[in-house]
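Asks: Enclosed is the structure file work20.cif (mmCIF, C-alpha atoms).
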```cif
data_upload
loop_
_atom_site.group_PDB
_atom_site.id
_atom_site.type_symbol
_atom_site.label_atom_id
_atom_site.label_comp_id
_atom_site.auth_asym_id
_atom_site.auth_seq_id
_atom_site.Cartn_x
_atom_site.Cartn_y
_atom_site.Cartn_z
ATOM 1 C CA MET A 1 0.000 0.000 0.000
ATOM 2 C CA SER A 2 1.236 3.477 -0.769
ATOM 3 C CA ALA A 3 -0.066 4.881 2.511
ATOM 4 C CA SER A 4 -1.196 3.481 5.815
ATOM 5 C CA PRO A 5 -4.967 3.100 6.009
ATOM 6 C CA SER A 6 -6.926 5.357 8.320
ATOM 7 C CA LEU A 7 -8.050 3.163 11.204
ATOM 8 C CA ARG A 8 -10.853 3.816 13.664
ATOM 9 C CA ARG A 9 -13.147 2.068 16.083
ATOM 10 C CA ALA A 10 -16.384 0.889 14.508
ATOM 11 C CA THR A 11 -19.773 2.186 15.606
ATOM 12 C CA ALA A 12 -23.275 0.736 15.550
ATOM 13 C CA ALA A 13 -23.935 2.604 12.300
ATOM 14 C CA ASP A 14 -21.172 0.584 10.629
ATOM 15 C CA VAL A 15 -22.694 -2.814 11.423
ATOM 16 C CA PRO A 16 -24.675 -3.404 8.191
ATOM 17 C CA ALA A 17 -21.738 -2.583 5.909
ATOM 18 C CA LEU A 18 -19.209 -4.477 8.005
ATOM 19 C CA ALA A 19 -21.454 -7.545 8.291
ATOM 20 C CA GLN A 20 -21.702 -7.669 4.498
ATOM 21 C CA ALA A 21 -17.937 -7.209 4.107
ATOM 22 C CA LEU A 22 -17.191 -9.973 6.613
ATOM 23 C CA ALA A 23 -19.732 -12.284 4.985
ATOM 24 C CA ARG A 24 -17.931 -11.914 1.667
ATOM 25 C CA ALA A 25 -14.550 -12.337 3.358
ATOM 26 C CA PHE A 26 -15.593 -15.638 4.963
ATOM 27 C CA LEU A 27 -17.652 -17.050 2.105
ATOM 28 C CA ASP A 28 -14.944 -19.609 1.195
ATOM 29 C CA ASP A 29 -13.797 -20.197 4.760
ATOM 30 C CA PRO A 30 -13.623 -23.932 5.623
ATOM 31 C CA VAL A 31 -15.519 -23.479 8.899
ATOM 32 C CA ALA A 32 -18.212 -21.428 7.162
ATOM 33 C CA GLU A 33 -18.516 -24.058 4.437
ATOM 34 C CA TRP A 34 -18.869 -26.735 7.128
ATOM 35 C CA ALA A 35 -21.411 -24.786 9.160
ATOM 36 C CA TRP A 36 -23.736 -23.340 6.534
ATOM 37 C CA ARG A 37 -24.836 -25.647 3.747
ATOM 38 C CA PRO A 38 -25.960 -25.425 0.968
ATOM 39 C CA ASP A 39 -23.680 -22.859 -0.636
ATOM 40 C CA SER A 40 -26.550 -20.719 -1.869
ATOM 41 C CA LEU A 41 -27.585 -19.897 1.712
ATOM 42 C CA ARG A 42 -24.147 -19.148 3.116
ATOM 43 C CA LEU A 43 -23.794 -15.463 2.272
ATOM 44 C CA LYS A 44 -27.038 -14.389 3.948
ATOM 45 C CA ALA A 45 -26.392 -16.688 6.917
ATOM 46 C CA LEU A 46 -22.933 -15.186 7.356
ATOM 47 C CA GLU A 47 -24.400 -11.674 7.232
ATOM 48 C CA ARG A 48 -26.767 -12.575 10.069
ATOM 49 C CA PHE A 49 -23.961 -14.231 12.032
ATOM 50 C CA HIS A 50 -21.572 -11.293 11.695
ATOM 51 C CA THR A 51 -24.315 -8.780 12.444
ATOM 52 C CA ALA A 52 -24.869 -10.515 15.778
ATOM 53 C CA ARG A 53 -21.140 -10.868 16.492
ATOM 54 C CA LEU A 54 -20.469 -7.217 15.692
ATOM 55 C CA ARG A 55 -23.238 -6.034 17.990
ATOM 56 C CA GLN A 56 -21.880 -8.214 20.773
ATOM 57 C CA THR A 57 -18.272 -7.067 20.489
ATOM 58 C CA LEU A 58 -19.062 -3.385 19.926
ATOM 59 C CA VAL A 59 -20.024 -3.205 23.584
ATOM 60 C CA ASP A 60 -16.321 -3.303 24.475
ATOM 61 C CA GLU A 61 -15.424 -0.664 21.861
ATOM 62 C CA GLU A 62 -12.587 -2.690 20.367
ATOM 63 C CA VAL A 63 -13.899 -3.386 16.888
ATOM 64 C CA TRP A 64 -11.448 -1.790 14.477
ATOM 65 C CA THR A 65 -12.068 -0.897 10.849
ATOM 66 C CA THR A 66 -11.125 1.617 8.157
ATOM 67 C CA GLU A 67 -12.942 4.601 6.714
ATOM 68 C CA ASP A 68 -13.838 2.443 3.697
ATOM 69 C CA LEU A 69 -15.314 -0.276 5.953
ATOM 70 C CA ASP A 70 -13.509 -2.915 3.893
ATOM 71 C CA CYS A 71 -12.081 -4.854 6.849
ATOM 72 C CA ALA A 72 -12.674 -5.419 10.534
ATOM 73 C CA ALA A 73 -10.961 -6.865 13.598
ATOM 74 C CA LEU A 74 -13.323 -7.863 16.404
ATOM 75 C CA TRP A 75 -11.577 -8.095 19.784
ATOM 76 C CA SER A 76 -12.813 -9.166 23.194
ATOM 77 C CA PRO A 77 -10.832 -7.872 26.181
ATOM 78 C CA PRO A 78 -9.420 -10.097 28.931
ATOM 79 C CA LYS A 79 -12.015 -12.092 30.877
ATOM 80 C CA ARG A 80 -14.825 -11.034 28.495
ATOM 81 C CA TRP A 81 -14.450 -13.520 25.662
ATOM 82 C CA ARG A 82 -16.963 -16.127 26.863
ATOM 83 C CA LYS A 83 -20.331 -15.819 25.149
ATOM 84 C CA THR A 84 -23.465 -15.709 27.272
ATOM 85 C CA PRO A 85 -26.449 -17.986 26.503
ATOM 86 C CA ARG A 86 -28.234 -14.956 25.043
ATOM 87 C CA GLU A 87 -25.291 -14.242 22.745
ATOM 88 C CA GLU A 88 -25.150 -17.900 21.690
ATOM 89 C CA ALA A 89 -28.857 -17.735 20.833
ATOM 90 C CA ALA A 90 -28.317 -14.590 18.760
ATOM 91 C CA LEU A 91 -25.589 -16.321 16.750
ATOM 92 C CA GLY A 92 -27.831 -19.360 16.350
ATOM 93 C CA ARG A 93 -30.388 -17.258 14.493
ATOM 94 C CA SER A 94 -28.092 -17.463 11.478
ATOM 95 C CA PHE A 95 -29.430 -21.020 11.098
ATOM 96 C CA LEU A 96 -33.100 -20.053 11.077
ATOM 97 C CA ASP A 97 -33.846 -21.355 7.613
ATOM 98 C CA PRO A 98 -35.591 -24.707 7.065
ATOM 99 C CA ARG A 99 -32.614 -25.898 5.014
ATOM 100 C CA LEU A 100 -30.088 -24.958 7.727
ATOM 101 C CA ILE A 101 -31.745 -25.582 11.053
ATOM 102 C CA ALA A 102 -31.169 -29.348 11.047
ATOM 103 C CA ARG A 103 -27.419 -28.711 10.989
ATOM 104 C CA MET A 104 -27.439 -26.358 13.971
ATOM 105 C CA PRO A 105 -26.969 -29.029 16.708
ATOM 106 C CA LEU A 106 -23.867 -30.433 15.008
ATOM 107 C CA VAL A 107 -22.360 -26.995 14.526
ATOM 108 C CA ALA A 108 -23.216 -25.883 18.064
ATOM 109 C CA LEU A 109 -21.494 -28.971 19.491
ATOM 110 C CA GLY A 110 -18.472 -28.429 17.263
ATOM 111 C CA TRP A 111 -18.155 -24.811 18.357
ATOM 112 C CA HIS A 112 -18.624 -25.820 22.001
ATOM 113 C CA ASN A 113 -15.793 -28.347 21.726
ATOM 114 C CA LEU A 114 -13.581 -25.721 20.084
ATOM 115 C CA GLU A 115 -14.292 -23.262 22.880
ATOM 116 C CA ARG A 116 -13.030 -25.857 25.343
ATOM 117 C CA GLU A 117 -9.593 -25.407 23.738
ATOM 118 C CA HIS A 118 -9.666 -21.717 24.637
ATOM 119 C CA PRO A 119 -7.416 -21.165 27.679
ATOM 120 C CA ALA A 120 -9.018 -19.479 30.667
ATOM 121 C CA ASP A 121 -5.715 -18.068 31.940
ATOM 122 C CA PRO A 122 -3.624 -16.036 31.822
ATOM 123 C CA PRO A 123 -5.877 -13.074 30.979
ATOM 124 C CA HIS A 124 -5.646 -12.254 27.285
ATOM 125 C CA TRP A 125 -7.229 -10.407 24.393
ATOM 126 C CA TYR A 126 -9.242 -12.625 22.044
ATOM 127 C CA LEU A 127 -9.363 -11.896 18.326
ATOM 128 C CA ALA A 128 -12.823 -13.254 17.585
ATOM 129 C CA VAL A 129 -12.938 -12.233 13.908
ATOM 130 C CA LEU A 130 -10.523 -10.734 11.394
ATOM 131 C CA GLY A 131 -11.738 -10.271 7.842
ATOM 132 C CA VAL A 132 -10.929 -8.248 4.730
ATOM 133 C CA GLU A 133 -13.093 -7.770 1.665
ATOM 134 C CA PRO A 134 -11.866 -10.178 -1.037
ATOM 135 C CA GLU A 135 -11.194 -7.353 -3.498
ATOM 136 C CA SER A 136 -9.140 -5.487 -0.873
ATOM 137 C CA GLN A 137 -6.981 -8.408 0.228
ATOM 138 C CA GLY A 138 -3.240 -8.370 -0.352
ATOM 139 C CA GLN A 139 -2.903 -4.663 0.456
ATOM 140 C CA GLY A 140 -1.753 -4.928 4.067
ATOM 141 C CA LEU A 141 -5.133 -4.175 5.608
ATOM 142 C CA GLY A 142 -5.161 -7.299 7.761
ATOM 143 C CA SER A 143 -1.812 -6.404 9.305
ATOM 144 C CA ALA A 144 -2.795 -2.779 9.808
ATOM 145 C CA ILE A 145 -6.105 -3.538 11.479
ATOM 146 C CA LEU A 146 -4.393 -5.795 14.035
ATOM 147 C CA GLN A 147 -1.978 -3.168 15.258
ATOM 148 C CA PRO A 148 -4.046 -1.031 17.671
ATOM 149 C CA VAL A 149 -4.833 -3.897 20.030
ATOM 150 C CA LEU A 150 -1.519 -5.732 19.569
ATOM 151 C CA GLU A 151 0.293 -2.517 20.486
ATOM 152 C CA GLN A 152 -1.895 -2.262 23.566
ATOM 153 C CA CYS A 153 -1.077 -5.893 24.417
ATOM 154 C CA ASP A 154 2.627 -5.121 24.222
ATOM 155 C CA ALA A 155 2.316 -1.921 26.249
ATOM 156 C CA ASP A 156 0.311 -3.659 28.979
ATOM 157 C CA GLY A 157 2.203 -6.965 28.914
ATOM 158 C CA VAL A 158 -0.940 -8.944 27.997
ATOM 159 C CA CYS A 159 -1.213 -12.026 25.769
ATOM 160 C CA ALA A 160 -3.527 -12.557 22.788
ATOM 161 C CA TYR A 161 -5.347 -15.559 21.332
ATOM 162 C CA VAL A 162 -6.877 -16.385 17.951
ATOM 163 C CA GLU A 163 -8.273 -19.388 16.085
ATOM 164 C CA SER A 164 -7.208 -19.641 12.461
ATOM 165 C CA SER A 165 -9.645 -21.483 10.229
ATOM 166 C CA LYS A 166 -7.294 -21.481 7.213
ATOM 167 C CA GLU A 167 -3.882 -23.124 7.233
ATOM 168 C CA ARG A 168 -2.505 -20.499 4.882
ATOM 169 C CA ASN A 169 -3.188 -17.812 7.519
ATOM 170 C CA ILE A 170 -0.833 -19.410 10.044
ATOM 171 C CA ASP A 171 2.199 -17.651 8.555
ATOM 172 C CA PHE A 172 0.309 -14.335 8.574
ATOM 173 C CA TYR A 173 -0.414 -14.600 12.284
ATOM 174 C CA ALA A 174 3.099 -15.890 12.978
ATOM 175 C CA ARG A 175 4.524 -12.675 11.542
ATOM 176 C CA HIS A 176 2.580 -10.843 14.238
ATOM 177 C CA GLY A 177 3.912 -13.010 17.040
ATOM 178 C CA PHE A 178 1.307 -15.782 17.268
ATOM 179 C CA ARG A 179 2.310 -19.438 17.506
ATOM 180 C CA VAL A 180 0.205 -22.560 17.023
ATOM 181 C CA THR A 181 -0.745 -24.254 20.291
ATOM 182 C CA ALA A 182 -3.166 -26.955 19.069
ATOM 183 C CA GLU A 183 -4.898 -28.267 15.941
ATOM 184 C CA PRO A 184 -8.389 -29.373 17.012
ATOM 185 C CA ARG A 185 -10.748 -30.750 14.401
ATOM 186 C CA LEU A 186 -14.383 -29.696 14.350
ATOM 187 C CA LEU A 187 -16.979 -32.455 14.633
ATOM 188 C CA ARG A 188 -17.099 -34.061 11.170
ATOM 189 C CA GLY A 189 -15.462 -30.880 9.939
ATOM 190 C CA PRO A 190 -12.203 -29.063 9.199
ATOM 191 C CA THR A 191 -9.130 -28.488 11.338
ATOM 192 C CA VAL A 192 -8.757 -25.218 13.246
ATOM 193 C CA TRP A 193 -5.405 -23.872 14.468
ATOM 194 C CA THR A 194 -5.433 -22.241 17.896
ATOM 195 C CA MET A 195 -2.706 -19.627 18.271
ATOM 196 C CA TRP A 196 -1.246 -17.752 21.225
ATOM 197 C CA ARG A 197 0.803 -14.572 21.362
ATOM 198 C CA GLU A 198 3.079 -13.453 24.175
ATOM 199 C CA PRO A 199 3.495 -9.676 24.483
ATOM 200 C CA ARG A 200 6.569 -8.255 22.839
ATOM 201 C CA SER A 201 8.975 -6.252 24.971
ATOM 202 C CA GLN A 202 8.909 -2.528 24.435
#
```
Hey, can you dump this file as structure tokens for me?
Replies:
Amino acid sequence: MSASPSLRRATAADVPALAQALARAFLDDPVAEWAWRPDSLRLKALERFHTARLRQTLVDEEVWTTEDLDCAALWSPPKRWRKTPREEAALGRSFLDPRLIARMPLVALGWHNLEREHPADPPHWYLAVLGVEPESQGQGLGSAILQPVLEQCDADGVCAYVESSKERNIDFYARHGFRVTAEPRLLRGPTVWTMWREPRSQ
């Protein structure tokens, strides 16, 4: 990129545009393909899912985006990453289609098992979602959008955690200090790479 993108915290007004951008970003994601079948329903289901996730994480004011709303990083602060039953139900509404609802129990169990891999301690920031519009990928936006919270992690001496659903993204996260800690496999689904980051010394 010729210039660094202008980053800012997202607001409630940004949710519709960001949910659509994230839906497009995750359309070919292995976990999304496993969760929402058939393919023709995935885009709308992902929009509903990311709308709910954005609204949940905006409460902590650590959803970062750009002025163009072409990418987003959704962070949960230490001790606030566990979803409540109400939040789980809101995410589950992305399956409220007759052709999707039968798959919801399998997916819910798979996600529950994955969450069991999430370490409770030490306190850490959780990168719940990182996505870039397909047409804007390869321009450094993913790296840029990570920096505000990673810099805060380093300044405060706090760790960070992420789950990578694509093997090719492991090197990307490794460049930012994350390392693979486990490779759990979703129930009758794809592998996910859990990754942990120690704070870098200032």
Asks: At a cut-off of 9 Å, using only C-alpha atoms, what residues contact Ala12 of chain A? Leave out same-chain residues fewer than 6 positions from it and give the result as a ChimeraX atom specification.
Replies: /A:54-55,58
Asks: Point out the residue among A:Leu146, A:Leu114, A:Leu7, A:Ala120 with the least atom-to-atom distance to Arg185 of chain A, counting all atoms listed in the file.
Replies: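 Counting all atoms listed in the file, the residue closest to Arg185 of chain A is A:Leu114.
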Asks: Could you spell out the hits of the PyMOL selection byres ((chain A and resi 57) around 10) on the shown file, as a count of residues only?
Replies: 19
Asks: Find the residues near Leu109 of chain A: any atom within 12 Å, counting all atoms listed in the file, skip ones fewer than 6 places away on the same chain, and give them as a compact mmCIF listing (two decimals) with C-alpha atoms, in the coordinates of the input.
Replies:
```
# COMPACT_ATOMS: atom_id res chain seq x y z
CA ALA A 35 -21.41 -24.79 9.16
CA GLU A 88 -25.15 -17.90 21.69
CA GLY A 92 -27.83 -19.36 16.35
CA ARG A 103 -27.42 -28.71 10.99
CA GLU A 115 -14.29 -23.26 22.88
CA ARG A 116 -13.03 -25.86 25.34
CA LEU A 186 -14.38 -29.70 14.35
CA LEU A 187 -16.98 -32.46 14.63
CA ARG A 188 -17.10 -34.06 11.17
CA GLY A 189 -15.46 -30.88 9.94
```
Asks: For segment 48-65 of chain A, I'd like the enclosing box, axis-aligned and padded by 4 Å on every side, reported as lines of an AutoDock Vina configuration file with centre and edge lengths in Å to one decimal.
Replies:
```
center_x = -19.1
center_y = -7.4
center_z = 17.3
size_x = 23.3
size_y = 21.6
size_z = 22.4
```
Asks: With N, CA and C atoms as the atom set, please write segment 58-100 of chain A from the structure just given, as a PDB file, in the first residue's frame.
Replies:
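Result went into out.pdb, see below:
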```
ATOM      1  N   LEU A  58     -19.087  -4.849  19.885  1.00  0.00           N
ATOM      2  CA  LEU A  58     -19.062  -3.385  19.926  1.00  0.00           C
ATOM      3  C   LEU A  58     -19.225  -2.847  21.340  1.00  0.00           C
ATOM      4  N   VAL A  59     -19.825  -3.635  22.198  1.00  0.00           N
ATOM      5  CA  VAL A  59     -20.024  -3.205  23.584  1.00  0.00           C
ATOM      6  C   VAL A  59     -18.686  -2.844  24.235  1.00  0.00           C
ATOM      7  N   ASP A  60     -17.629  -3.549  23.882  1.00  0.00           N
ATOM      8  CA  ASP A  60     -16.321  -3.303  24.475  1.00  0.00           C
ATOM      9  C   ASP A  60     -15.483  -2.288  23.701  1.00  0.00           C
ATOM     10  N   GLU A  61     -16.046  -1.752  22.627  1.00  0.00           N
ATOM     11  CA  GLU A  61     -15.424  -0.664  21.861  1.00  0.00           C
ATOM     12  C   GLU A  61     -14.032  -1.020  21.348  1.00  0.00           C
ATOM     13  N   GLU A  62     -13.861  -2.282  20.955  1.00  0.00           N
ATOM     14  CA  GLU A  62     -12.587  -2.690  20.367  1.00  0.00           C
ATOM     15  C   GLU A  62     -12.813  -3.440  19.063  1.00  0.00           C
ATOM     16  N   VAL A  63     -13.728  -2.932  18.262  1.00  0.00           N
ATOM     17  CA  VAL A  63     -13.899  -3.386  16.888  1.00  0.00           C
ATOM     18  C   VAL A  63     -13.244  -2.335  16.006  1.00  0.00           C
ATOM     19  N   TRP A  64     -12.216  -2.738  15.279  1.00  0.00           N
ATOM     20  CA  TRP A  64     -11.448  -1.790  14.477  1.00  0.00           C
ATOM     21  C   TRP A  64     -11.746  -1.983  12.995  1.00  0.00           C
ATOM     22  N   THR A  65     -11.795  -0.865  12.281  1.00  0.00           N
ATOM     23  CA  THR A  65     -12.068  -0.897  10.849  1.00  0.00           C
ATOM     24  C   THR A  65     -11.360   0.282  10.183  1.00  0.00           C
ATOM     25  N   THR A  66     -11.666   0.493   8.913  1.00  0.00           N
ATOM     26  CA  THR A  66     -11.125   1.617   8.157  1.00  0.00           C
ATOM     27  C   THR A  66     -12.261   2.530   7.729  1.00  0.00           C
ATOM     28  N   GLU A  67     -11.912   3.676   7.204  1.00  0.00           N
ATOM     29  CA  GLU A  67     -12.942   4.601   6.714  1.00  0.00           C
ATOM     30  C   GLU A  67     -13.749   3.984   5.578  1.00  0.00           C
ATOM     31  N   ASP A  68     -13.138   3.091   4.809  1.00  0.00           N
ATOM     32  CA  ASP A  68     -13.838   2.443   3.697  1.00  0.00           C
ATOM     33  C   ASP A  68     -14.678   1.251   4.139  1.00  0.00           C
ATOM     34  N   LEU A  69     -14.564   0.856   5.409  1.00  0.00           N
ATOM     35  CA  LEU A  69     -15.314  -0.276   5.953  1.00  0.00           C
ATOM     36  C   LEU A  69     -15.079  -1.561   5.139  1.00  0.00           C
ATOM     37  N   ASP A  70     -13.826  -1.748   4.706  1.00  0.00           N
ATOM     38  CA  ASP A  70     -13.509  -2.915   3.893  1.00  0.00           C
ATOM     39  C   ASP A  70     -12.783  -4.005   4.681  1.00  0.00           C
ATOM     40  N   CYS A  71     -12.670  -3.828   6.003  1.00  0.00           N
ATOM     41  CA  CYS A  71     -12.081  -4.854   6.849  1.00  0.00           C
ATOM     42  C   CYS A  71     -12.501  -4.587   8.283  1.00  0.00           C
ATOM     43  N   ALA A  72     -12.328  -5.593   9.126  1.00  0.00           N
ATOM     44  CA  ALA A  72     -12.674  -5.419  10.534  1.00  0.00           C
ATOM     45  C   ALA A  72     -11.915  -6.426  11.389  1.00  0.00           C
ATOM     46  N   ALA A  73     -11.535  -5.997  12.574  1.00  0.00           N
ATOM     47  CA  ALA A  73     -10.961  -6.865  13.598  1.00  0.00           C
ATOM     48  C   ALA A  73     -11.833  -6.732  14.842  1.00  0.00           C
ATOM     49  N   LEU A  74     -12.419  -7.845  15.268  1.00  0.00           N
ATOM     50  CA  LEU A  74     -13.323  -7.863  16.404  1.00  0.00           C
ATOM     51  C   LEU A  74     -12.598  -8.469  17.600  1.00  0.00           C
ATOM     52  N   TRP A  75     -12.331  -7.666  18.609  1.00  0.00           N
ATOM     53  CA  TRP A  75     -11.577  -8.095  19.784  1.00  0.00           C
ATOM     54  C   TRP A  75     -12.460  -8.137  21.019  1.00  0.00           C
ATOM     55  N   SER A  76     -12.209  -9.118  21.864  1.00  0.00           N
ATOM     56  CA  SER A  76     -12.813  -9.166  23.194  1.00  0.00           C
ATOM     57  C   SER A  76     -11.702  -8.996  24.220  1.00  0.00           C
ATOM     58  N   PRO A  77     -11.888  -8.113  25.198  1.00  0.00           N
ATOM     59  CA  PRO A  77     -10.832  -7.872  26.181  1.00  0.00           C
ATOM     60  C   PRO A  77     -10.697  -9.017  27.174  1.00  0.00           C
ATOM     61  N   PRO A  78      -9.629  -9.021  27.961  1.00  0.00           N
ATOM     62  CA  PRO A  78      -9.420 -10.097  28.931  1.00  0.00           C
ATOM     63  C   PRO A  78     -10.644 -10.340  29.815  1.00  0.00           C
ATOM     64  N   LYS A  79     -10.935 -11.615  30.017  1.00  0.00           N
ATOM     65  CA  LYS A  79     -12.015 -12.092  30.877  1.00  0.00           C
ATOM     66  C   LYS A  79     -13.411 -11.817  30.326  1.00  0.00           C
ATOM     67  N   ARG A  80     -13.509 -11.341  29.067  1.00  0.00           N
ATOM     68  CA  ARG A  80     -14.825 -11.034  28.495  1.00  0.00           C
ATOM     69  C   ARG A  80     -15.079 -11.776  27.174  1.00  0.00           C
ATOM     70  N   TRP A  81     -14.315 -12.828  26.945  1.00  0.00           N
ATOM     71  CA  TRP A  81     -14.450 -13.520  25.662  1.00  0.00           C
ATOM     72  C   TRP A  81     -15.521 -14.593  25.660  1.00  0.00           C
ATOM     73  N   ARG A  82     -15.938 -15.083  26.832  1.00  0.00           N
ATOM     74  CA  ARG A  82     -16.963 -16.127  26.863  1.00  0.00           C
ATOM     75  C   ARG A  82     -18.313 -15.555  26.465  1.00  0.00           C
ATOM     76  N   LYS A  83     -19.012 -16.265  25.584  1.00  0.00           N
ATOM     77  CA  LYS A  83     -20.331 -15.819  25.149  1.00  0.00           C
ATOM     78  C   LYS A  83     -21.388 -16.252  26.158  1.00  0.00           C
ATOM     79  N   THR A  84     -22.349 -15.387  26.391  1.00  0.00           N
ATOM     80  CA  THR A  84     -23.465 -15.709  27.272  1.00  0.00           C
ATOM     81  C   THR A  84     -24.480 -16.560  26.502  1.00  0.00           C
ATOM     82  N   PRO A  85     -25.396 -17.246  27.209  1.00  0.00           N
ATOM     83  CA  PRO A  85     -26.449 -17.986  26.503  1.00  0.00           C
ATOM     84  C   PRO A  85     -27.252 -17.103  25.547  1.00  0.00           C
ATOM     85  N   ARG A  86     -27.492 -15.866  25.926  1.00  0.00           N
ATOM     86  CA  ARG A  86     -28.234 -14.956  25.043  1.00  0.00           C
ATOM     87  C   ARG A  86     -27.433 -14.668  23.773  1.00  0.00           C
ATOM     88  N   GLU A  87     -26.128 -14.484  23.918  1.00  0.00           N
ATOM     89  CA  GLU A  87     -25.291 -14.242  22.745  1.00  0.00           C
ATOM     90  C   GLU A  87     -25.222 -15.478  21.854  1.00  0.00           C
ATOM     91  N   GLU A  88     -25.138 -16.659  22.467  1.00  0.00           N
ATOM     92  CA  GLU A  88     -25.150 -17.900  21.690  1.00  0.00           C
ATOM     93  C   GLU A  88     -26.444 -18.008  20.884  1.00  0.00           C
ATOM     94  N   ALA A  89     -27.567 -17.659  21.523  1.00  0.00           N
ATOM     95  CA  ALA A  89     -28.857 -17.735  20.833  1.00  0.00           C
ATOM     96  C   ALA A  89     -28.908 -16.761  19.661  1.00  0.00           C
ATOM     97  N   ALA A  90     -28.324 -15.577  19.844  1.00  0.00           N
ATOM     98  CA  ALA A  90     -28.317 -14.590  18.760  1.00  0.00           C
ATOM     99  C   ALA A  90     -27.509 -15.104  17.568  1.00  0.00           C
ATOM    100  N   LEU A  91     -26.382 -15.749  17.835  1.00  0.00           N
ATOM    101  CA  LEU A  91     -25.589 -16.321  16.750  1.00  0.00           C
ATOM    102  C   LEU A  91     -26.335 -17.473  16.086  1.00  0.00           C
ATOM    103  N   GLY A  92     -27.080 -18.231  16.885  1.00  0.00           N
ATOM    104  CA  GLY A  92     -27.831 -19.360  16.350  1.00  0.00           C
ATOM    105  C   GLY A  92     -28.923 -18.962  15.376  1.00  0.00           C
ATOM    106  N   ARG A  93     -29.343 -17.705  15.427  1.00  0.00           N
ATOM    107  CA  ARG A  93     -30.388 -17.258  14.493  1.00  0.00           C
ATOM    108  C   ARG A  93     -29.914 -17.265  13.044  1.00  0.00           C
ATOM    109  N   SER A  94     -28.602 -17.375  12.854  1.00  0.00           N
ATOM    110  CA  SER A  94     -28.092 -17.463  11.478  1.00  0.00           C
ATOM    111  C   SER A  94     -28.468 -18.792  10.832  1.00  0.00           C
ATOM    112  N   PHE A  95     -28.996 -19.723  11.622  1.00  0.00           N
ATOM    113  CA  PHE A  95     -29.430 -21.020  11.098  1.00  0.00           C
ATOM    114  C   PHE A  95     -30.941 -21.112  10.921  1.00  0.00           C
ATOM    115  N   LEU A  96     -31.640 -19.998  11.130  1.00  0.00           N
ATOM    116  CA  LEU A  96     -33.100 -20.053  11.077  1.00  0.00           C
ATOM    117  C   LEU A  96     -33.616 -20.020   9.644  1.00  0.00           C
ATOM    118  N   ASP A  97     -33.332 -21.085   8.949  1.00  0.00           N
ATOM    119  CA  ASP A  97     -33.846 -21.355   7.613  1.00  0.00           C
ATOM    120  C   ASP A  97     -34.144 -22.853   7.597  1.00  0.00           C
ATOM    121  N   PRO A  98     -35.263 -23.275   7.033  1.00  0.00           N
ATOM    122  CA  PRO A  98     -35.591 -24.707   7.065  1.00  0.00           C
ATOM    123  C   PRO A  98     -34.492 -25.613   6.531  1.00  0.00           C
ATOM    124  N   ARG A  99     -33.671 -25.082   5.607  1.00  0.00           N
ATOM    125  CA  ARG A  99     -32.614 -25.898   5.014  1.00  0.00           C
ATOM    126  C   ARG A  99     -31.326 -25.887   5.838  1.00  0.00           C
ATOM    127  N   LEU A 100     -31.278 -25.055   6.896  1.00  0.00           N
ATOM    128  CA  LEU A 100     -30.088 -24.958   7.727  1.00  0.00           C
ATOM    129  C   LEU A 100     -30.291 -25.464   9.147  1.00  0.00           C
TER     130      LEU A 100
END
```
